[in-house]
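Worksheet: the structure to be examined is printed underneath.
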Amino acid sequence: HETALNEMVSGRRGRDFMVSERVLARMLRGRTVLCSDGGGMLVTAPHGIWLKRPNHPVHKPEVFTSFLAISISEATGASLCVWSSEERVKNEFRCRADDANTDPNYTSGATLAESPWYRALARHARRFQSVNKSGVVHFDIHGRRDV
């Protein structure tokens, strides 16, 4: 699908860097993932909202995980990746998964490059690859719903 953005991208970087309709829709509707560039430690909370899981039931939000990740990041100066406040509010109001929000743990290889989570983690790894050859610390916050 040719768009002005894809024409510009393909002209500068080649067709492999063009973005899909799904990514374009995300860009137009606003930020879905909040990322902050802090230190080498990365704190994530991927399950803070309702999420689609292909061929599985919808994943319910893990309460307080985004809050914990943000708090840890602020207290330590760590880098952060959580769903944006806009996405969390919209999701909480609707009480169902947005079709565009797929659980990062269930992202297929074919759509990996479109995942905001994958892009954020890959960018973080690239930032610190040259600085720290031994890698970075990644805290992935998960929760459990009370039954």
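Starting from 1 in every chain, residues are counted up; chains themselves are A, B, ... following the order of the structure tokens, and ligands are numbered from 1 as listed.
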Test item: residues at most 7 Å from stretch 63-75 of chain A, only C-alpha atoms, excluding those fewer than 3 positions along its chain, as a compact mmCIF listing (two decimals) with N, CA and C atoms, in the first residue's frame:
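Okay, result29.txt is ready:
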```
# COMPACT_ATOMS: atom_id res chain seq x y z
N VAL A 43 12.81 -1.74 32.61
CA VAL A 43 11.65 -2.25 33.35
C VAL A 43 10.46 -2.24 32.39
N THR A 44 9.79 -3.38 32.24
CA THR A 44 8.63 -3.47 31.35
C THR A 44 7.46 -4.09 32.10
N ALA A 45 6.26 -3.80 31.62
CA ALA A 45 5.02 -4.39 32.15
C ALA A 45 4.06 -4.56 30.97
N GLY A 48 -0.42 -4.84 31.32
CA GLY A 48 -1.18 -3.86 32.08
C GLY A 48 -2.55 -3.54 31.50
N ALA A 78 15.90 3.80 35.71
CA ALA A 78 15.93 2.77 34.67
C ALA A 78 15.11 3.19 33.47
N SER A 79 15.37 2.57 32.33
CA SER A 79 14.55 2.75 31.15
C SER A 79 13.22 2.04 31.39
N LEU A 80 12.19 2.45 30.67
CA LEU A 80 10.84 1.97 30.93
C LEU A 80 10.10 1.68 29.63
N VAL A 82 5.97 0.59 29.05
CA VAL A 82 4.63 0.18 29.48
C VAL A 82 3.64 0.71 28.44
N ILE A 141 7.80 -7.05 34.64
CA ILE A 141 6.86 -7.13 35.76
C ILE A 141 5.58 -7.83 35.33
N HIS A 142 5.20 -8.85 36.07
CA HIS A 142 3.95 -9.57 35.82
C HIS A 142 3.16 -9.64 37.12
N GLY A 143 1.88 -9.90 36.99
CA GLY A 143 1.03 -10.00 38.17
C GLY A 143 0.09 -11.18 38.04
```
query: Nearest to A:Tyr106: which of A:Val137, A:Ala125, A:Val58, A:Cys81 is it, counting only C-alpha atoms?
result: A:Val58
task: Could you jot down the atom CA of A:Pro61 to atom CA of A:Ser84 separation for me, Å, one decimal place?
output: 13.9 Å
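Using only C-alpha atoms, the smallest distance between any of A:His47, A:His138, A:Arg144, A:Arg126 and A:Ala97 comes from A:His47.
Nearest residue to A:Met41, choosing from A:Cys95, A:Asp103, A:His124, A:Gln129 and counting only C-alpha atoms: A:His124.
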